[in-house]
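Student: Got data22.cif for you, mmCIF, C-alpha atoms:
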data_structure
loop_
_atom_site.label_atom_id
_atom_site.label_comp_id
_atom_site.auth_asym_id
_atom_site.auth_seq_id
_atom_site.Cartn_x
_atom_site.Cartn_y
_atom_site.Cartn_z
CA MET A 392 64.71 79.67 112.80
CA GLY A 393 68.00 77.75 112.68
CA LEU A 394 70.00 77.44 109.49
CA THR A 395 69.17 73.80 108.85
CA SER A 396 65.46 74.55 109.33
CA ASP A 397 65.52 77.26 106.67
CA PRO A 398 63.62 76.10 103.55
CA HIS A 399 66.39 77.54 101.36
CA PHE A 400 68.98 75.38 103.15
CA GLN A 401 66.75 72.33 102.88
CA LYS A 402 66.25 72.96 99.16
CA LEU A 403 70.03 73.06 98.69
CA GLU A 404 70.36 69.88 100.70
CA GLN A 405 67.82 68.07 98.54
CA TRP A 406 69.51 69.32 95.36
CA TYR A 407 72.93 68.22 96.61
CA LYS A 408 71.72 64.70 97.43
CA SER A 409 70.02 64.19 94.08
CA LYS A 410 72.25 66.10 91.63
CA ALA A 411 75.66 67.05 93.04
CA GLY A 412 77.15 63.75 91.88
CA ASN A 413 76.64 64.91 88.31
CA LEU A 414 78.74 68.06 88.71
CA ASN A 415 81.75 67.25 86.56
CA MET A 416 84.07 70.21 86.05
CA ARG A 417 85.44 69.23 82.64
CA GLU A 418 81.99 68.41 81.31
CA MET A 419 80.56 71.71 82.58
CA PHE A 420 83.27 73.68 80.75
CA ASP A 421 82.81 71.65 77.58
CA ALA A 422 79.05 72.16 77.67
CA ASP A 423 79.15 75.91 78.32
CA LYS A 424 81.72 78.03 76.51
CA ASP A 425 80.51 81.07 78.48
CA ARG A 426 81.07 79.51 81.89
CA PHE A 427 83.97 81.82 82.72
CA SER A 428 81.99 84.97 81.95
CA LYS A 429 79.02 83.68 83.98
CA PHE A 430 81.10 82.88 87.04
CA SER A 431 83.68 85.66 87.18
CA ILE A 432 83.63 89.31 88.23
CA THR A 433 86.03 92.11 87.36
CA LEU A 434 86.19 94.86 89.96
CA GLU A 435 87.26 98.18 88.47
CA THR A 436 89.03 99.91 91.35
CA ASP A 437 90.69 103.31 91.42
CA ASP A 438 94.11 101.65 91.13
CA GLY A 439 93.45 98.86 88.63
CA ASN A 440 91.23 95.88 88.07
CA ILE A 441 90.78 92.82 90.29
CA LEU A 442 89.49 89.57 88.85
CA LEU A 443 87.52 87.02 90.83
CA ASP A 444 87.20 83.80 88.84
CA TYR A 445 85.00 81.29 90.63
CA SER A 446 84.12 79.24 87.55
CA LYS A 447 86.24 76.27 88.68
CA ASN A 448 83.94 75.50 91.57
CA LEU A 449 81.38 72.70 91.72
CA ILE A 450 78.45 74.97 90.95
CA ASN A 451 76.02 75.88 88.21
CA GLU A 452 73.58 78.75 87.82
CA GLU A 453 70.87 76.94 89.76
CA VAL A 454 73.17 76.30 92.71
CA MET A 455 74.28 79.94 92.82
CA ARG A 456 70.67 81.14 92.76
CA MET A 457 69.88 78.87 95.72
CA LEU A 458 72.99 79.96 97.65
CA LEU A 459 72.17 83.64 97.19
CA GLY A 460 68.56 82.92 98.14
CA LEU A 461 69.89 81.39 101.36
CA ALA A 462 72.01 84.50 102.02
CA LYS A 463 68.96 86.73 101.63
CA SER A 464 66.85 84.44 103.80
CA ARG A 465 69.46 84.48 106.57
CA GLY A 466 69.46 88.29 106.61
CA VAL A 467 72.99 88.90 105.32
CA GLU A 468 72.05 92.27 103.84
CA GLU A 469 70.34 93.46 107.00
CA ALA A 470 73.24 92.28 109.21
CA ARG A 471 75.71 94.07 106.95
CA ASP A 472 73.73 97.31 107.19
CA ARG A 473 73.54 97.03 110.98
CA MET A 474 77.33 96.72 111.14
CA PHE A 475 77.88 99.79 108.96
CA SER A 476 75.38 101.81 111.00
CA GLY A 477 77.35 101.27 114.22
CA GLU A 478 74.80 98.98 115.86
CA LYS A 479 76.28 96.80 118.60
CA ILE A 480 76.17 93.54 116.66
CA ASN A 481 78.81 91.96 118.93
CA PHE A 482 76.07 90.92 121.32
CA THR A 483 78.28 88.89 123.69
CA GLU A 484 80.36 91.97 124.58
CA GLY A 485 77.79 94.64 123.76
CA ARG A 486 80.05 96.37 121.21
CA ALA A 487 79.88 97.79 117.73
CA VAL A 488 82.08 96.19 115.04
CA LEU A 489 83.61 99.13 113.22
CA HIS A 490 86.98 98.32 111.71
CA ILE A 491 85.39 99.92 108.64
CA ALA A 492 85.67 103.30 110.41
CA LEU A 493 89.45 102.92 110.69
CA ARG A 494 89.76 103.00 106.90
CA ASN A 495 86.83 105.30 106.14
CA ARG A 496 88.71 107.60 103.78
CA SER A 497 85.54 109.35 102.66
CA ASN A 498 85.08 110.56 106.27
CA THR A 499 81.34 110.04 106.20
CA PRO A 500 80.05 110.05 109.80
CA VAL A 501 80.12 106.71 111.62
CA ASN A 502 78.13 106.85 114.84
CA VAL A 503 78.40 104.81 118.02
CA ASP A 504 75.93 105.70 120.77
CA GLY A 505 75.01 108.80 118.79
CA LYS A 506 78.60 110.09 118.53
CA ASP A 507 80.61 110.29 115.31
CA VAL A 508 83.85 108.35 115.84
CA MET A 509 85.64 109.76 112.78
CA PRO A 510 87.18 112.82 114.49
CA GLU A 511 88.94 110.51 116.98
CA VAL A 512 90.01 108.11 114.23
CA ASN A 513 91.52 110.98 112.24
CA ARG A 514 93.21 112.42 115.33
CA VAL A 515 95.06 109.13 115.93
CA LEU A 516 95.94 108.82 112.23
CA ASP A 517 97.39 112.34 112.29
CA LYS A 518 99.45 111.46 115.37
CA MET A 519 100.69 108.27 113.67
CA LYS A 520 101.62 110.26 110.56
CA ALA A 521 103.68 112.78 112.51
CA PHE A 522 105.43 110.03 114.46
CA CYS A 523 106.23 108.02 111.31
CA HIS A 524 107.72 111.03 109.57
CA LYS A 525 109.89 111.81 112.60
CA VAL A 526 111.22 108.25 112.86
CA ARG A 527 111.80 107.72 109.15
CA SER A 528 113.48 111.13 108.72
CA GLY A 529 115.83 110.58 111.67
CA GLU A 530 114.35 113.40 113.72
CA TRP A 531 113.10 110.95 116.38
CA LYS A 532 116.23 109.41 117.84
CA GLY A 533 117.21 106.71 120.26
CA PHE A 534 118.53 107.41 123.76
CA SER A 535 122.09 108.10 122.52
CA GLY A 536 121.02 110.46 119.73
CA LYS A 537 121.27 107.99 116.87
CA ALA A 538 118.51 107.49 114.26
CA ILE A 539 116.28 104.43 114.48
CA THR A 540 117.25 101.54 112.22
CA ASP A 541 115.13 98.72 113.67
CA VAL A 542 111.58 98.44 114.98
CA VAL A 543 110.41 95.48 117.06
CA ASN A 544 106.67 94.81 117.25
CA ILE A 545 105.69 92.97 120.45
CA GLY A 546 102.19 91.53 120.26
CA ILE A 547 100.26 88.34 119.67
CA GLY A 548 97.16 87.33 117.73
CA GLY A 549 95.81 90.22 115.71
CA SER A 550 98.53 92.50 117.10
CA ASP A 551 101.12 90.28 115.41
CA LEU A 552 99.58 88.32 112.53
CA GLY A 553 98.18 91.29 110.60
CA PRO A 554 101.19 93.64 110.81
CA LEU A 555 103.59 90.76 110.10
CA MET A 556 101.61 89.63 107.06
CA VAL A 557 101.35 93.14 105.60
CA THR A 558 104.97 94.15 106.19
CA GLU A 559 106.05 90.97 104.40
CA ALA A 560 103.54 91.43 101.56
CA LEU A 561 104.52 95.08 101.00
CA LYS A 562 108.27 94.65 101.46
CA PRO A 563 108.98 96.18 98.01
CA TYR A 564 107.60 99.50 99.34
CA SER A 565 109.89 99.62 102.39
CA LYS A 566 112.73 101.69 100.92
CA GLY A 567 113.82 104.36 103.41
CA GLY A 568 112.12 102.68 106.34
CA PRO A 569 113.54 100.82 109.35
CA ASN A 570 113.83 97.05 109.49
CA VAL A 571 110.90 95.42 111.30
CA TRP A 572 110.98 92.46 113.66
CA PHE A 573 108.11 90.65 115.34
CA VAL A 574 108.12 88.95 118.75
CA SER A 575 105.01 87.07 119.85
CA ASN A 576 106.00 83.87 121.63
CA ILE A 577 106.29 83.89 125.42
CA ASP A 578 109.13 81.40 125.00
CA GLY A 579 112.15 83.54 125.85
CA THR A 580 114.04 82.19 122.85
CA HIS A 581 111.97 84.38 120.52
CA MET A 582 112.93 87.59 122.31
CA ALA A 583 116.54 86.56 123.00
CA LYS A 584 117.17 85.60 119.38
CA THR A 585 115.78 88.95 118.23
CA LEU A 586 117.68 91.08 120.76
CA ALA A 587 120.95 89.38 119.84
CA GLN A 588 120.72 90.99 116.40
CA LEU A 589 119.89 94.52 117.60
CA ASN A 590 121.59 97.62 118.96
CA ALA A 591 119.66 99.28 121.79
CA GLU A 592 120.86 102.70 120.62
CA THR A 593 118.99 102.41 117.32
CA THR A 594 116.04 100.18 118.26
CA LEU A 595 112.42 101.14 118.82
CA PHE A 596 109.94 98.75 120.45
CA ILE A 597 106.23 98.89 119.66
CA ILE A 598 104.08 97.20 122.31
CA ALA A 599 100.87 96.30 120.48
CA SER A 600 97.99 95.22 122.67
CA LYS A 601 94.32 96.12 122.88
CA THR A 602 94.02 95.67 126.66
CA PHE A 603 97.59 95.06 127.84
CA THR A 604 96.35 92.05 129.78
CA THR A 605 97.70 89.33 127.46
CA GLN A 606 100.37 87.44 129.37
CA GLU A 607 102.63 86.84 126.37
CA THR A 608 102.72 90.53 125.46
CA ILE A 609 103.19 91.73 129.05
CA THR A 610 106.11 89.32 129.57
CA ASN A 611 107.84 90.34 126.35
CA ALA A 612 107.23 94.04 127.00
CA GLU A 613 108.85 93.69 130.43
CA SER A 614 111.83 91.97 128.80
CA ALA A 615 112.21 94.84 126.34
CA ARG A 616 111.95 97.38 129.16
CA GLU A 617 114.60 95.54 131.18
CA TRP A 618 116.91 95.41 128.14
CA PHE A 619 116.67 99.19 127.75
CA LEU A 620 117.13 99.87 131.46
CA GLN A 621 120.24 97.68 131.62
CA THR A 622 121.72 99.35 128.54
CA ALA A 623 120.83 103.01 129.10
CA ASN A 624 118.59 103.35 132.16
CA ASP A 625 116.05 104.73 129.69
CA VAL A 626 112.68 103.52 128.32
CA SER A 627 112.06 106.20 125.68
CA GLY A 628 112.43 103.54 123.00
CA LEU A 629 109.14 101.92 124.02
CA VAL A 630 105.96 102.97 122.19
CA PHE A 631 102.61 101.60 123.35
CA LEU A 632 99.60 101.01 121.12
CA THR A 633 97.18 100.93 124.04
CA PRO A 634 96.02 103.59 126.50
CA LYS A 635 96.24 101.26 129.50
CA VAL A 636 99.92 101.35 130.47
CA GLN A 637 100.42 104.56 132.42
CA ALA A 638 101.95 102.53 135.24
CA PHE A 639 104.72 101.31 132.89
CA GLY A 640 106.49 104.69 133.15
CA ILE A 641 105.98 105.70 129.52
CA ASP A 642 105.53 109.23 128.18
CA THR A 643 101.88 109.62 127.14
CA ASN A 644 103.11 111.10 123.86
CA ASN A 645 104.37 107.61 123.08
CA MET A 646 100.93 106.04 123.45
CA PHE A 647 98.52 105.58 120.56
CA GLU A 648 94.87 104.85 121.14
CA PHE A 649 92.35 102.52 119.58
CA TRP A 650 88.88 101.55 120.70
CA ASP A 651 86.87 98.62 122.00
CA TRP A 652 84.90 98.48 118.72
CA VAL A 653 88.09 97.36 116.95
CA GLY A 654 88.31 93.57 116.89
CA GLY A 655 91.85 92.29 117.35
CA ARG A 656 91.82 90.32 114.09
CA TYR A 657 90.89 93.53 112.22
CA SER A 658 93.26 95.82 114.09
CA LEU A 659 96.06 96.21 111.52
CA TRP A 660 94.03 99.16 110.15
CA SER A 661 94.32 100.94 113.51
CA ALA A 662 97.34 102.17 115.48
CA ILE A 663 98.29 98.48 115.67
CA GLY A 664 99.46 99.03 112.09
CA MET A 665 102.23 101.37 113.30
CA SER A 666 104.95 98.86 112.34
CA ILE A 667 103.47 98.75 108.83
CA ALA A 668 103.41 102.54 108.54
CA LEU A 669 106.99 102.87 109.80
CA HIS A 670 108.24 100.20 107.42
CA ILE A 671 106.52 101.30 104.18
CA GLY A 672 105.87 104.97 104.98
CA PHE A 673 102.66 106.61 106.11
CA GLU A 674 101.62 107.62 102.58
CA ASN A 675 101.70 103.96 101.54
CA PHE A 676 99.83 103.04 104.71
CA GLU A 677 97.13 105.50 103.67
CA GLN A 678 96.96 103.74 100.29
CA LEU A 679 96.43 100.48 102.17
CA LEU A 680 93.54 102.08 104.06
CA ALA A 681 92.11 103.46 100.81
CA GLY A 682 92.13 100.04 99.17
CA ALA A 683 90.31 98.51 102.12
CA HIS A 684 87.80 101.37 102.06
CA TRP A 685 87.11 100.69 98.39
CA MET A 686 86.31 97.06 99.20
CA ASP A 687 84.16 98.12 102.18
CA ASN A 688 82.09 100.28 99.84
CA HIS A 689 81.79 97.41 97.36
CA PHE A 690 80.64 95.04 100.12
CA HIS A 691 78.16 97.63 101.41
CA SER A 692 76.59 98.55 98.08
CA ALA A 693 76.97 95.75 95.53
CA PRO A 694 73.99 93.43 94.99
CA LEU A 695 74.61 89.96 96.39
CA GLU A 696 75.01 88.35 92.98
CA LYS A 697 77.88 90.77 92.21
CA ASN A 698 79.24 91.04 95.75
CA VAL A 699 82.67 89.40 95.93
CA PRO A 700 82.86 88.82 99.74
CA VAL A 701 79.32 87.40 99.76
CA LEU A 702 79.95 85.10 96.78
CA LEU A 703 83.10 83.70 98.40
CA ALA A 704 81.32 83.27 101.72
CA MET A 705 78.43 81.36 100.16
CA LEU A 706 80.81 79.09 98.28
CA GLY A 707 82.34 78.33 101.66
CA VAL A 708 78.92 77.42 103.07
CA TRP A 709 78.31 75.20 100.02
CA TYR A 710 81.54 73.24 100.44
CA ILE A 711 81.66 72.76 104.18
CA ASN A 712 77.99 72.03 104.83
CA PHE A 713 77.19 69.96 101.77
CA PHE A 714 80.44 68.49 100.41
CA GLN A 715 81.78 68.22 103.99
CA ALA A 716 85.06 69.87 102.90
CA GLU A 717 86.25 70.67 106.41
CA THR A 718 89.54 72.33 105.46
CA HIS A 719 90.36 75.27 103.19
CA ALA A 720 93.89 75.47 101.77
CA MET A 721 95.26 78.89 100.79
CA LEU A 722 98.22 78.50 98.45
CA PRO A 723 99.70 81.82 97.28
CA TYR A 724 102.41 81.55 94.65
CA ASP A 725 103.85 84.96 95.50
CA GLN A 726 106.49 84.57 98.20
CA TYR A 727 105.66 88.03 99.58
CA MET A 728 102.30 86.54 100.61
CA HIS A 729 103.86 83.72 102.60
CA ARG A 730 102.17 84.79 105.87
CA PHE A 731 98.71 85.29 104.40
CA ALA A 732 97.36 81.86 105.32
CA ALA A 733 98.42 82.33 108.96
CA TYR A 734 96.79 85.77 109.03
CA PHE A 735 93.57 84.49 107.47
CA GLN A 736 93.41 81.55 109.86
CA GLN A 737 92.60 84.01 112.62
CA GLY A 738 90.31 86.12 110.45
CA ASP A 739 88.18 83.12 109.57
CA MET A 740 88.57 80.62 112.39
CA GLU A 741 88.41 83.06 115.31
CA SER A 742 85.38 84.71 113.73
CA ASN A 743 83.53 81.49 112.92
CA GLY A 744 84.75 79.23 115.71
CA LYS A 745 81.39 79.04 117.46
CA TYR A 746 79.01 76.27 118.48
CA ILE A 747 76.25 78.33 120.13
CA THR A 748 73.92 80.58 118.11
CA LYS A 749 72.92 84.10 119.09
CA ASP A 750 69.69 82.57 120.38
CA GLY A 751 71.61 80.34 122.79
CA THR A 752 71.03 77.03 121.00
CA ARG A 753 73.70 74.57 119.90
CA VAL A 754 74.42 74.63 116.17
CA LYS A 755 73.72 71.59 113.98
CA TYR A 756 75.97 72.54 111.10
CA HIS A 757 79.54 73.58 110.33
CA THR A 758 80.32 77.22 111.12
CA GLY A 759 83.68 77.39 109.36
CA PRO A 760 86.56 75.37 107.89
CA ILE A 761 90.03 74.70 109.19
CA VAL A 762 92.16 77.20 107.24
CA TRP A 763 95.75 76.33 106.43
CA GLY A 764 98.31 76.84 103.70
CA GLU A 765 101.81 77.49 102.44
CA PRO A 766 103.35 79.23 99.43
CA GLY A 767 102.34 77.10 96.47
CA THR A 768 105.73 75.94 95.24
CA ASN A 769 106.68 74.78 98.74
CA GLY A 770 103.39 72.93 99.02
CA GLN A 771 103.97 71.16 95.72
CA HIS A 772 106.91 69.38 97.36
CA ALA A 773 105.09 68.66 100.61
CA PHE A 774 101.35 67.99 100.55
CA TYR A 775 100.01 68.41 97.00
CA GLN A 776 100.14 64.67 96.34
CA LEU A 777 97.54 64.00 99.01
CA ILE A 778 95.37 66.84 97.70
CA HIS A 779 95.54 65.63 94.10
CA GLN A 780 95.74 61.85 94.57
CA GLY A 781 94.42 61.20 98.05
CA ASN A 782 90.78 60.86 99.05
CA ALA A 783 90.49 63.96 101.24
CA THR A 784 88.28 66.83 100.04
CA VAL A 785 90.00 70.19 100.38
CA GLU A 786 88.66 73.56 99.27
CA LEU A 787 91.49 75.38 97.49
CA GLY A 788 92.32 79.06 97.22
CA LYS A 789 95.20 79.05 94.73
CA GLN A 790 96.94 81.65 92.60
CA LEU A 791 97.67 81.05 88.91
CA ALA A 792 100.74 78.84 88.46
CA LYS A 793 103.83 79.70 86.43
CA ALA A 794 102.92 77.25 83.65
CA ILE A 795 101.11 79.92 81.64
CA GLU A 796 103.89 82.52 81.78
CA PRO A 797 105.07 81.91 78.18
CA GLU A 798 101.59 82.82 76.93
CA LEU A 799 101.76 86.23 78.64
CA ARG A 800 104.55 87.55 76.43
CA ASP A 801 102.35 89.16 73.77
CA SER A 802 98.99 90.91 73.65
CA SER A 803 97.07 88.43 71.46
CA GLU A 804 94.01 86.77 72.98
CA VAL A 805 94.32 83.13 74.04
CA HIS A 806 91.61 80.57 73.18
CA SER A 807 93.48 77.27 73.55
CA HIS A 808 92.40 76.34 77.09
CA ASP A 809 89.15 76.02 78.99
CA SER A 810 87.22 79.28 79.26
CA SER A 811 88.43 79.93 82.83
CA THR A 812 92.13 79.62 82.00
CA ASN A 813 91.61 81.64 78.80
CA GLY A 814 89.84 84.31 80.82
CA LEU A 815 92.61 84.48 83.43
CA ILE A 816 95.37 84.75 80.82
CA ASN A 817 93.50 87.39 78.81
CA PHE A 818 92.77 89.38 81.98
CA LEU A 819 96.47 89.37 82.89
CA LYS A 820 97.42 90.49 79.40
CA LYS A 821 94.87 93.29 79.37
CA ASN A 822 95.84 94.59 82.79
CA ALA A 823 99.61 94.12 82.64
CA ALA A 824 101.45 97.11 84.04
#
Can you give me the file's structure in the form of structure tokens?
Tutor:
Amino acid sequence: MGLTSDPHFQKLEQWYKSKAGNLNMREMFDADKDRFSKFSITLETDDGNILLDYSKNLINEEVMRMLLGLAKSRGVEEARDRMFSGEKINFTEGRAVLHIALRNRSNTPVNVDGKDVMPEVNRVLDKMKAFCHKVRSGEWKGFSGKAITDVVNIGIGGSDLGPLMVTEALKPYSKGGPNVWFVSNIDGTHMAKTLAQLNAETTLFIIASKTFTTQETITNAESAREWFLQTANDVSGLVFLTPKVQAFGIDTNNMFEFWDWVGGRYSLWSAIGMSIALHIGFENFEQLLAGAHWMDNHFHSAPLEKNVPVLLAMLGVWYINFFQAETHAMLPYDQYMHRFAAYFQQGDMESNGKYITKDGTRVKYHTGPIVWGEPGTNGQHAFYQLIHQGNATVELGKQLAKAIEPELRDSSEVHSHDSSTNGLINFLKKNAA
């Protein structure tokens, strides 16, 4: 049964046509002083609390019940469990989808074709750890015996977007690590501009590719190899995150494996994250894995009505298929997150960019939005006027603006705004470091 034929979808459609016009945000907050508590979730993680406030969406309790009913009807829980069990849910390529195994810090067995993949995952992590410690300590040296000061990641798509986003986001943790550079564009300007700022004696190249068949990455890897050969007749400064490059003349000790059940857009958790680990240190990289593992466990075990990824996903279905909000703007106000929108574009749009169902029929609904964004303050001076005063409908993912900062200076509870803003301010006060 297709999505639009599902009675739960049709019920939502009928409700939207008859009642959605009455969803007025200000009136809903005025009428329900508990709206924030009804439509927010605090996740109590091992390292602090995370607040999801979804009260400022065009929803009420009836809409959320219908959306979660649709999720159950479409088999979200069963599909989730099949993924975690190692079933080959990537039916077009006949592969499991197990990025969750890369960050499985509990080391519970994860089986593919009856074999536990965790021993291999841990073997590669141990090899990454040893390599990171050698580079960061100065033990691993360039061809002339000097310590490494700069690391260049050559990759594209998931081999570039994820590591670039994370190294920027976690820049405050990079003390003691090498500088990191990223080259993705096949346009020679990208490589030439980068090389002009580097010293071959103290530079390490990471060639990040799942198959080593991507033309952009092959071309840039050959340019890096030629640069080393011209300078020192040596290619020891090339490290490959793929097992398929023996013909490139590289020491197999400088190759790090990952597997066909790792999707490119989820690969930063694998050896593709080497540039992250070198930049922030392997212990911090392990903390990154642990945080992701915590969220994996939440997604796997939380009931749908308390499940943060599911709630956000169903809100997306609500907006794009009923309000026809075809774009989703992500507007982080933290400059360290300035590459997050670009990273999430791939995570969402490459995953959901489909027009044929698993049954081979053409879809009759939207499968995903166009994701875009900029740091919030930059956007305020570029495109916010159209969002606020134009007639386009845009779904917004936006961090709390600086306007409330004066109210964060003491510990007293705030009650002077709508319940959502009050809740956000009080959460920040309670959880301030």
Student: For a quick check of understanding, using only C-alpha atoms, which of A:Ala462, A:Tyr445, A:Ala716, A:Lys745 has the smallest distance to Leu695 of chain A?
Tutor: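 Answer, going by the shortest atom-to-atom distance: A:Ala462.
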Student: Hey, what's within 12 Å of segment 472-474 of chain A if we count only C-alpha atoms and toss same-chain stuff fewer than 2 positions away? As a list in words, please?
Tutor: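 The filter keeps Gly466, Val467, Glu468, Glu469, Ala470, Ser476, Gly477, Glu478, Lys479, Ile480, Asn481, Phe482, Arg486, Ala487, Val488, Leu489, His490, Ile491, Ala492, Val501, Asn502, Val503, Trp652, Asp687, Asn688, Phe690, His691 and Ser692 of chain A.
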Student: I'd like to know which of A:Ile711, A:Asn743, A:Pro766, A:Trp618 is closest to Pro723 of chain A, using only C-alpha atoms.
Tutor: A:Pro766
Student: Just to confirm, what's the straight-line distance from atom CA of Asn495 of chain A to atom CA of Ser528 of chain A in Å (one decimal)?
Tutor: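 Result for atom CA of Asn495 of chain A versus atom CA of Ser528 of chain A: 27.4 Å, one decimal.
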Student: Give me the residues near Phe573 of chain A as a ChimeraX atom specification, where near means some atom within 10 Å (using only C-alpha atoms) and where sequence neighbours in that chain fewer than 5 positions away do not count.
Tutor: /A:542-547,550-552,554-555,581-582,585,596-597,666
Student: Please report the interatomic distance between atom CA of Thr752 of chain A and atom CA of Asp651 of chain A in Å with one decimal.
Tutor: 26.8 Å
Student: Tell me which residues come within 8 Å of (92.6, 80.2, 107.6), as a PyMOL selection string, counting all atoms listed in the file in the file's coordinates.
Tutor: chain A and resi 719-721+732-740+760-764
Student: Mind giving me the straight-line distance from atom CA of Gly707 of chain A to atom CA of Leu414 of chain A in Å, one decimal?
Tutor: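 These two atoms are separated by 16.9 Å.
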Student: The PyMOL selection byres ((chain A and resi 517-527) around 7) - which residues does that actually catch in the file I just gave you? List them as a list in words.
Tutor: Asn513, Arg514, Val515, Leu516, Ser528, Gly529, Glu530, Trp531, Ile539, Gly567, Gly568, Ala668, Leu669 and Phe673 of chain A
Student: Generate the output file for the selected residues, C-alpha atoms, as a compact mmCIF listing (two decimals), in the coordinates of the input.
Tutor:
# COMPACT_ATOMS: atom_id res chain seq x y z
CA ASN A 513 91.52 110.98 112.24
CA ARG A 514 93.21 112.42 115.33
CA VAL A 515 95.06 109.13 115.93
CA LEU A 516 95.94 108.82 112.23
CA SER A 528 113.48 111.13 108.72
CA GLY A 529 115.83 110.58 111.67
CA GLU A 530 114.35 113.40 113.72
CA TRP A 531 113.10 110.95 116.38
CA ILE A 539 116.28 104.43 114.48
CA GLY A 567 113.82 104.36 103.41
CA GLY A 568 112.12 102.68 106.34
CA ALA A 668 103.41 102.54 108.54
CA LEU A 669 106.99 102.87 109.80
CA PHE A 673 102.66 106.61 106.11
Student: May I have the protein, DNA and RNA residues with any atom at most 12 Å from the point (78.0, 79.5, 82.5), counting only C-alpha atoms, written as an MDAnalysis selection string?
Tutor: chainID A and resid 416 418:431 444:455 810:811
